[in-house]
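The structure appears right after this line, and notes come after that.
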Amino acid sequence: MHVRGLVKRYGGRAVVDGLDLDVHHGEVFALLGPNGAGKTTTIEILEGVRQRDEGTVRVLGEDPARVGRPWRARMGVVSQGEGAPQALTVREILDHFAGYHATPRPTGDLLAAVGLEEKAGTRVGRLSGGQLRRMAVALGVQGRPELVFLDEPTTGLDPVARRQFWQLIRDLRADGTTVLLTTHYLDEAAELADRVGIVAGGRLVEVAPPDELGGQLRLVTTVRWTEGGAAREVHAEAPGAVLRDLLAASVTGDVPGLTVTRPSLEDVYLRLVGAASTPTEGELR
Amino acid sequence: MTAVLVARPAPPSAARIALARVRLELRLFFRERQQVVVSFAYPVVMLVIFASILGGDERPGDIPFAQYFLAGIAATGIMLTSFQAVGTAIAAERETGQLERLQLLGTPPVAYFAGKAGQVLVTAALQLALLLPVARYGYDVPMPPDLGHWLTFLWVAALGALAGTVLGVAVSALPGSAGATTTAVSAFAIVLQFFSGVFFGFLELPGWMQQLAAVFPLKWLTQGMRSAFLPEQAGAFEVAGGWEHGKTALVLVAWVIIGVMVCVRTFRWRRGEG
């Protein structure tokens, strides 16, 4: 998947504003960003259901704006809504949609993979949110896709259902499926993705494996202490010198309230998102 | 991404998906008990009401009211199960994201339409199978006298159901929520019934109403039904002085063919863009 300079405007406002993205075969890539950052619009353009205004896009070797059924057969989508008639049972839905694929995964295998065997005879209208998502996953991978899109797959799920869901993604990856997912949960991106792309203000502001995210920002250590009753704070890439000076200046050999912290992934994320979105909004006004 | 060129067999044909959709649509239809009752009971109830109130009246050409009204209500029933039900259902399916899934699966629009059409043909047939005996044995309405009239009845009913389906697909493209579409479709269906001569003799309607109705399938469907159920001499009381079978077929077929061609291009799988 190869994206350069992607732009999408709604009523003159650029929701996606020059986004570049590469996703490699067989990896799990997470687009991470706050609501309204342009994640869903981006993924819909990549799925070939929304037209872009500018930029080049290649997905599975083709331009998603001009694709046919053979291309669609190679990709799967786990959408946000249930997208299935309420009056049918899970098994009826899976059996029906099997007819849209050349070589569908057997319904029994799908039910087992997503843990819905006991709910096979239940009508869709009676499923819980977590069960609906699992059915959506089953439908998304039914046609043995090479590439799977998941748009905020765990939003609204309870913690247990989320973890079960994560296992499904890991299983997909183990099968060699390329996965592109969007999320606004940092832990989800860190947990699942080989690489994370942070989207803010319609641009990709950072791409890295989860533990390298933030690069330089992450090296900046914060040293805090109390001096004369007032809190003091210093940011430094090499805090050793700061600490040496503090200790040397101290009469008692102790520094009250001393803490030395490295930024968490969350701190880095918030700074990246904040740094990217603030000037963008400024430009618009 | 460098595509790994796995040779994949071609996806199932549009015809196979269309068949699967007909089965699905029928299953869904019969699970919505309310819809089943309304579709099947409405024409019967209307026939009973109107025939009971106006049973003594006669229409032009000494036709008993019930006989004249059967043609109209049969046509209306077909419009209800085709145009009204389809327009409403598509708007709801779009709103709940069901069409989005079909789009992502690369479903050919024509296969989706065919699923609707198949379901409409089956339910319209059942509806008529219920209505005709009530008219025959409850109100002594004579049935088509020979094979020719039965064949007329069949092709008019089938083409009318298909044209109504196309009109339903077309109207579902109107912007707005599913609720708004349902309201608009119902209102349009009621007005069209009056304009098309379902309740009153079409000849009694003002000229502009006749001309407007002639654009839509229901007028032709109703007229075609009259040609199947009324005696030959009643044709003299049509606007053209005859049954106009050729023109009826032409208008209904045009609705189906041109309608499908337009709908395939303009069909929206999701709300808003695309």
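Every chain in the structure tokens takes a letter, A first, then B, and so on in the order presented; its residues are numbered from 1, and the ligands are numbered from 1 following the presented order.
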
Check: Once you count only C-alpha atoms, which residues of chain B turn out to be within 9 Å of chain A? Could you give them as an NGL selection string?
Finding: :B and (1-4 or 8-13 or 16-17 or 20-21 or 24 or 27-28 or 31-32 or 93 or 96-108 or 273-274)

Margin query: Using DSSP secondary structure from the backbone, list all alpha helix (DSSP H) positions within segment 125-218 of chain A, as a PyMOL selection string.
Written below: chain A and resi 129-141+159-174+186-192+216-218

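A straight line drawn from atom CA of Leu167 of chain B to atom CA of Leu230 of chain B is 27.2 Å long.
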
Next item on the list: Enter the distance from atom CA of Lys39 of chain A to atom CA of Ala138 of chain A, in Å, rounded to one decimal.
Entry: 22.7 Å

Notebook entry, point to check: What is the distance, in Å and to one decimal place, between atom CA of Leu6 of chain A and atom CA of Val273 of chain A?
Noted result: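 Value for the atom CA of Leu6 of chain A-atom CA of Val273 of chain A distance: 18.8 Å.
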
Identify, on the basis of only C-alpha atoms, every residue whose closest approach to Gly5 of chain A does not exceed 8 Å; exclude the query and any residue fewer than 4 positions from it along the same chain; express the result as a PDB file with N, CA and C atoms, in the first residue's frame.
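out.pdb written:
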ATOM      1  N   ASP A  17      -4.936  16.047   4.685  1.00  0.00           N
ATOM      2  CA  ASP A  17      -4.222  17.216   4.169  1.00  0.00           C
ATOM      3  C   ASP A  17      -2.773  16.872   3.841  1.00  0.00           C
ATOM      4  N   GLY A  18      -2.566  16.106   2.794  1.00  0.00           N
ATOM      5  CA  GLY A  18      -1.196  15.765   2.390  1.00  0.00           C
ATOM      6  C   GLY A  18      -0.650  14.574   3.143  1.00  0.00           C
ATOM      7  N   LEU A  19      -1.428  13.510   3.195  1.00  0.00           N
ATOM      8  CA  LEU A  19      -1.013  12.343   3.971  1.00  0.00           C
ATOM      9  C   LEU A  19      -0.170  11.387   3.116  1.00  0.00           C
ATOM     10  N   ASP A  20       0.969  10.958   3.661  1.00  0.00           N
ATOM     11  CA  ASP A  20       1.824   9.951   3.030  1.00  0.00           C
ATOM     12  C   ASP A  20       1.806   8.698   3.894  1.00  0.00           C
ATOM     13  N   GLU A  54      -6.954  14.844  -4.060  1.00  0.00           N
ATOM     14  CA  GLU A  54      -5.602  14.915  -4.613  1.00  0.00           C
ATOM     15  C   GLU A  54      -4.780  13.736  -4.105  1.00  0.00           C
ATOM     16  N   GLY A  55      -3.651  13.510  -4.789  1.00  0.00           N
ATOM     17  CA  GLY A  55      -2.708  12.520  -4.304  1.00  0.00           C
ATOM     18  C   GLY A  55      -2.737  11.236  -5.111  1.00  0.00           C
ATOM     19  N   THR A  56      -1.684  10.414  -4.908  1.00  0.00           N
ATOM     20  CA  THR A  56      -1.641   9.108  -5.559  1.00  0.00           C
ATOM     21  C   THR A  56      -1.856   8.037  -4.510  1.00  0.00           C
TER      22      THR A  56
END

Compile the contact shell of segment 74-77 of chain B as a PDB file with all heavy atoms, in the first residue's frame: residues with an atom at most 8 Å away, counting only C-alpha atoms, same-chain residues fewer than 5 positions apart removed.
ATOM      1  N   SER B  39     -49.008  -6.309   3.698  1.00  0.00           N
ATOM      2  CA  SER B  39     -48.967  -6.557   2.256  1.00  0.00           C
ATOM      3  C   SER B  39     -50.119  -7.439   1.790  1.00  0.00           C
ATOM      4  O   SER B  39     -50.700  -7.203   0.743  1.00  0.00           O
ATOM      5  CB  SER B  39     -47.658  -7.237   1.855  1.00  0.00           C
ATOM      6  OG  SER B  39     -46.578  -6.509   2.302  1.00  0.00           O
ATOM      7  N   TYR B  42     -53.920  -5.720   3.126  1.00  0.00           N
ATOM      8  CA  TYR B  42     -54.364  -4.401   2.669  1.00  0.00           C
ATOM      9  C   TYR B  42     -55.311  -4.458   1.472  1.00  0.00           C
ATOM     10  O   TYR B  42     -56.429  -3.928   1.539  1.00  0.00           O
ATOM     11  CB  TYR B  42     -53.155  -3.512   2.370  1.00  0.00           C
ATOM     12  CG  TYR B  42     -53.518  -2.158   1.809  1.00  0.00           C
ATOM     13  CD1 TYR B  42     -53.895  -1.117   2.656  1.00  0.00           C
ATOM     14  CD2 TYR B  42     -53.500  -1.917   0.437  1.00  0.00           C
ATOM     15  CE1 TYR B  42     -54.234   0.123   2.143  1.00  0.00           C
ATOM     16  CE2 TYR B  42     -53.842  -0.687  -0.082  1.00  0.00           C
ATOM     17  CZ  TYR B  42     -54.215   0.335   0.770  1.00  0.00           C
ATOM     18  OH  TYR B  42     -54.553   1.545   0.259  1.00  0.00           O
ATOM     19  N   PRO B  43     -54.942  -5.124   0.371  1.00  0.00           N
ATOM     20  CA  PRO B  43     -55.866  -5.117  -0.778  1.00  0.00           C
ATOM     21  C   PRO B  43     -57.186  -5.802  -0.455  1.00  0.00           C
ATOM     22  O   PRO B  43     -58.245  -5.335  -0.882  1.00  0.00           O
ATOM     23  CB  PRO B  43     -55.108  -5.908  -1.858  1.00  0.00           C
ATOM     24  CG  PRO B  43     -53.741  -6.116  -1.349  1.00  0.00           C
ATOM     25  CD  PRO B  43     -53.718  -5.868   0.111  1.00  0.00           C
ATOM     26  N   ALA B 124     -46.047 -10.518  -4.610  1.00  0.00           N
ATOM     27  CA  ALA B 124     -47.192 -10.016  -5.375  1.00  0.00           C
ATOM     28  C   ALA B 124     -48.069 -11.175  -5.834  1.00  0.00           C
ATOM     29  O   ALA B 124     -49.305 -11.093  -5.785  1.00  0.00           O
ATOM     30  CB  ALA B 124     -46.716  -9.196  -6.569  1.00  0.00           C
ATOM     31  N   GLN B 127     -50.032 -12.370  -2.900  1.00  0.00           N
ATOM     32  CA  GLN B 127     -51.037 -11.369  -2.551  1.00  0.00           C
ATOM     33  C   GLN B 127     -52.256 -11.496  -3.481  1.00  0.00           C
ATOM     34  O   GLN B 127     -53.403 -11.497  -3.027  1.00  0.00           O
ATOM     35  CB  GLN B 127     -50.388  -9.994  -2.719  1.00  0.00           C
ATOM     36  CG  GLN B 127     -51.211  -8.826  -2.291  1.00  0.00           C
ATOM     37  CD  GLN B 127     -50.504  -7.551  -2.701  1.00  0.00           C
ATOM     38  OE1 GLN B 127     -50.126  -7.378  -3.854  1.00  0.00           O
ATOM     39  NE2 GLN B 127     -50.303  -6.661  -1.749  1.00  0.00           N
ATOM     40  N   LEU B 128     -52.000 -11.638  -4.770  1.00  0.00           N
ATOM     41  CA  LEU B 128     -53.093 -11.765  -5.741  1.00  0.00           C
ATOM     42  C   LEU B 128     -53.831 -13.094  -5.555  1.00  0.00           C
ATOM     43  O   LEU B 128     -55.051 -13.160  -5.709  1.00  0.00           O
ATOM     44  CB  LEU B 128     -52.535 -11.662  -7.167  1.00  0.00           C
ATOM     45  CG  LEU B 128     -52.024 -10.264  -7.538  1.00  0.00           C
ATOM     46  CD1 LEU B 128     -51.216 -10.308  -8.830  1.00  0.00           C
ATOM     47  CD2 LEU B 128     -53.181  -9.281  -7.663  1.00  0.00           C
ATOM     48  N   LEU B 131     -56.238 -12.338  -2.946  1.00  0.00           N
ATOM     49  CA  LEU B 131     -57.254 -11.329  -3.274  1.00  0.00           C
ATOM     50  C   LEU B 131     -58.318 -11.868  -4.224  1.00  0.00           C
ATOM     51  O   LEU B 131     -59.522 -11.644  -4.027  1.00  0.00           O
ATOM     52  CB  LEU B 131     -56.552 -10.107  -3.895  1.00  0.00           C
ATOM     53  CG  LEU B 131     -57.458  -8.969  -4.359  1.00  0.00           C
ATOM     54  CD1 LEU B 131     -58.113  -8.276  -3.174  1.00  0.00           C
ATOM     55  CD2 LEU B 131     -56.669  -7.957  -5.201  1.00  0.00           C
ATOM     56  N   ALA B 157     -49.391  -7.925 -14.546  1.00  0.00           N
ATOM     57  CA  ALA B 157     -49.005  -7.979 -13.134  1.00  0.00           C
ATOM     58  C   ALA B 157     -47.486  -8.041 -12.991  1.00  0.00           C
ATOM     59  O   ALA B 157     -46.887  -7.309 -12.186  1.00  0.00           O
ATOM     60  CB  ALA B 157     -49.650  -9.184 -12.466  1.00  0.00           C
ATOM     61  N   GLY B 160     -45.861  -4.796 -14.156  1.00  0.00           N
ATOM     62  CA  GLY B 160     -46.190  -3.745 -13.181  1.00  0.00           C
ATOM     63  C   GLY B 160     -45.356  -3.882 -11.923  1.00  0.00           C
ATOM     64  O   GLY B 160     -44.850  -2.896 -11.375  1.00  0.00           O
ATOM     65  N   GLN B 193     -52.298   6.762  -6.445  1.00  0.00           N
ATOM     66  CA  GLN B 193     -53.486   5.900  -6.518  1.00  0.00           C
ATOM     67  C   GLN B 193     -54.696   6.685  -7.022  1.00  0.00           C
ATOM     68  O   GLN B 193     -55.448   6.214  -7.875  1.00  0.00           O
ATOM     69  CB  GLN B 193     -53.805   5.320  -5.142  1.00  0.00           C
ATOM     70  CG  GLN B 193     -52.887   4.190  -4.737  1.00  0.00           C
ATOM     71  CD  GLN B 193     -53.145   3.740  -3.317  1.00  0.00           C
ATOM     72  OE1 GLN B 193     -54.268   3.752  -2.839  1.00  0.00           O
ATOM     73  NE2 GLN B 193     -52.082   3.348  -2.634  1.00  0.00           N
ATOM     74  N   VAL B 198     -57.539   4.358  -9.511  1.00  0.00           N
ATOM     75  CA  VAL B 198     -57.772   3.168  -8.716  1.00  0.00           C
ATOM     76  C   VAL B 198     -59.151   3.231  -8.060  1.00  0.00           C
ATOM     77  O   VAL B 198     -59.909   2.267  -8.062  1.00  0.00           O
ATOM     78  CB  VAL B 198     -56.673   3.008  -7.645  1.00  0.00           C
ATOM     79  CG1 VAL B 198     -57.037   1.923  -6.650  1.00  0.00           C
ATOM     80  CG2 VAL B 198     -55.346   2.702  -8.307  1.00  0.00           C
ATOM     81  N   LEU B 218     -48.394   3.019 -12.533  1.00  0.00           N
ATOM     82  CA  LEU B 218     -49.629   2.548 -11.888  1.00  0.00           C
ATOM     83  C   LEU B 218     -50.848   2.701 -12.796  1.00  0.00           C
ATOM     84  O   LEU B 218     -51.731   1.841 -12.828  1.00  0.00           O
ATOM     85  CB  LEU B 218     -49.853   3.281 -10.558  1.00  0.00           C
ATOM     86  CG  LEU B 218     -51.075   2.799  -9.749  1.00  0.00           C
ATOM     87  CD1 LEU B 218     -51.011   1.309  -9.475  1.00  0.00           C
ATOM     88  CD2 LEU B 218     -51.214   3.578  -8.438  1.00  0.00           C
ATOM     89  N   LEU B 221     -50.757  -0.096 -15.228  1.00  0.00           N
ATOM     90  CA  LEU B 221     -50.999  -1.343 -14.506  1.00  0.00           C
ATOM     91  C   LEU B 221     -52.497  -1.502 -14.241  1.00  0.00           C
ATOM     92  O   LEU B 221     -53.083  -2.569 -14.470  1.00  0.00           O
ATOM     93  CB  LEU B 221     -50.194  -1.299 -13.199  1.00  0.00           C
ATOM     94  CG  LEU B 221     -50.315  -2.452 -12.212  1.00  0.00           C
ATOM     95  CD1 LEU B 221     -50.017  -3.778 -12.891  1.00  0.00           C
ATOM     96  CD2 LEU B 221     -49.355  -2.244 -11.051  1.00  0.00           C
ATOM     97  N   THR B 222     -53.138  -0.408 -13.783  1.00  0.00           N
ATOM     98  CA  THR B 222     -54.566  -0.444 -13.480  1.00  0.00           C
ATOM     99  C   THR B 222     -55.380  -0.698 -14.749  1.00  0.00           C
ATOM    100  O   THR B 222     -56.301  -1.514 -14.769  1.00  0.00           O
ATOM    101  CB  THR B 222     -54.999   0.895 -12.844  1.00  0.00           C
ATOM    102  OG1 THR B 222     -54.051   1.234 -11.836  1.00  0.00           O
ATOM    103  CG2 THR B 222     -56.374   0.800 -12.228  1.00  0.00           C
ATOM    104  N   MET B 225     -55.057  -4.213 -15.842  1.00  0.00           N
ATOM    105  CA  MET B 225     -55.860  -5.079 -14.982  1.00  0.00           C
ATOM    106  C   MET B 225     -57.334  -5.017 -15.397  1.00  0.00           C
ATOM    107  O   MET B 225     -58.041  -6.033 -15.412  1.00  0.00           O
ATOM    108  CB  MET B 225     -55.710  -4.644 -13.518  1.00  0.00           C
ATOM    109  CG  MET B 225     -54.406  -5.086 -12.893  1.00  0.00           C
ATOM    110  SD  MET B 225     -54.412  -6.869 -12.686  1.00  0.00           S
ATOM    111  CE  MET B 225     -52.707  -7.180 -12.347  1.00  0.00           C
TER     112      MET B 225
END

Next item on the list: Excluding Leu127 of chain A and any residue of its chain fewer than 5 positions from it, enumerate the residues within 10 Å of it, using only C-alpha atoms, and give them as a ChimeraX atom specification.
Entry: /A:86,89-90,119,122,132-133,135

Near Glu266 of chain A, within 12 Å and counting only C-alpha atoms, which residues show up once chain neighbours fewer than 4 positions away are dropped, as a CSV table (one decimal) with N, CA and C atoms, in the first residue's frame?
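New file part28.csv:
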chain,number,residue,atom,x,y,z
A,32,LEU,N,-3.1,5.8,14.3
A,32,LEU,CA,-3.5,6.3,15.6
A,32,LEU,C,-3.7,7.8,15.6
A,33,GLY,N,-4.8,8.2,16.2
A,33,GLY,CA,-5.0,9.7,16.2
A,33,GLY,C,-6.3,10.0,16.9
A,184,HIS,N,-8.2,5.1,18.4
A,184,HIS,CA,-7.7,6.2,19.1
A,184,HIS,C,-7.2,5.7,20.5
A,185,TYR,N,-7.0,4.4,20.6
A,185,TYR,CA,-6.5,3.9,21.8
A,185,TYR,C,-5.0,3.6,21.7
A,186,LEU,N,-4.2,4.3,22.4
A,186,LEU,CA,-2.7,4.1,22.4
A,186,LEU,C,-2.3,2.7,22.7
A,187,ASP,N,-2.9,2.1,23.8
A,187,ASP,CA,-2.5,0.8,24.2
A,187,ASP,C,-2.8,-0.2,23.1
A,188,GLU,N,-3.9,0.0,22.4
A,188,GLU,CA,-4.2,-0.9,21.3
A,188,GLU,C,-3.2,-0.9,20.2
A,189,ALA,N,-2.8,0.3,19.8
A,189,ALA,CA,-1.8,0.4,18.8
A,189,ALA,C,-0.5,-0.2,19.2
A,190,ALA,N,-0.1,0.1,20.5
A,190,ALA,CA,1.2,-0.5,21.0
A,190,ALA,C,1.1,-2.0,21.1
A,198,ILE,N,1.0,8.0,13.4
A,198,ILE,CA,0.2,9.0,14.2
A,198,ILE,C,-0.4,10.0,13.2
A,210,PRO,N,6.0,0.7,17.8
A,210,PRO,CA,5.5,1.3,19.0
A,210,PRO,C,6.5,1.7,20.0
A,211,ASP,N,7.6,0.9,20.2
A,211,ASP,CA,8.6,1.2,21.2
A,211,ASP,C,9.6,2.3,20.8
A,213,LEU,N,8.4,5.0,19.0
A,213,LEU,CA,7.6,6.1,18.7
A,213,LEU,C,8.0,7.3,19.5
A,214,GLY,N,8.1,8.4,18.8
A,214,GLY,CA,8.4,9.7,19.5
A,214,GLY,C,9.9,10.0,19.4
A,217,LEU,N,11.8,12.9,21.1
A,217,LEU,CA,10.9,13.4,22.2
A,217,LEU,C,11.0,12.5,23.4
A,218,ARG,N,11.2,11.2,23.1
A,218,ARG,CA,11.2,10.3,24.2
A,218,ARG,C,12.5,10.4,25.1
A,262,ARG,N,11.1,9.8,32.5
A,262,ARG,CA,11.1,9.8,31.0
A,262,ARG,C,9.7,9.8,30.6
A,270,LEU,N,0.6,12.6,23.0
A,270,LEU,CA,-0.1,13.9,23.2
A,270,LEU,C,0.7,15.0,22.7
A,271,ARG,N,2.0,15.0,22.8
A,271,ARG,CA,2.8,16.1,22.3
A,271,ARG,C,2.8,16.1,20.8
A,272,LEU,N,2.9,14.9,20.2
A,272,LEU,CA,2.9,14.8,18.7
A,272,LEU,C,1.6,15.3,18.2
A,273,VAL,N,0.5,14.9,18.8
A,273,VAL,CA,-0.8,15.3,18.3
A,273,VAL,C,-1.0,16.8,18.5
A,274,GLY,N,-0.6,17.2,19.7
A,274,GLY,CA,-0.8,18.6,20.0
A,274,GLY,C,0.0,19.5,19.1

Note to self: For the strand (DSSP E) assignment from backbone DSSP, which residues of segment 62-134 of chain A qualify? Please present them as number ranges by chain.
What the structure shows: A: 75-78
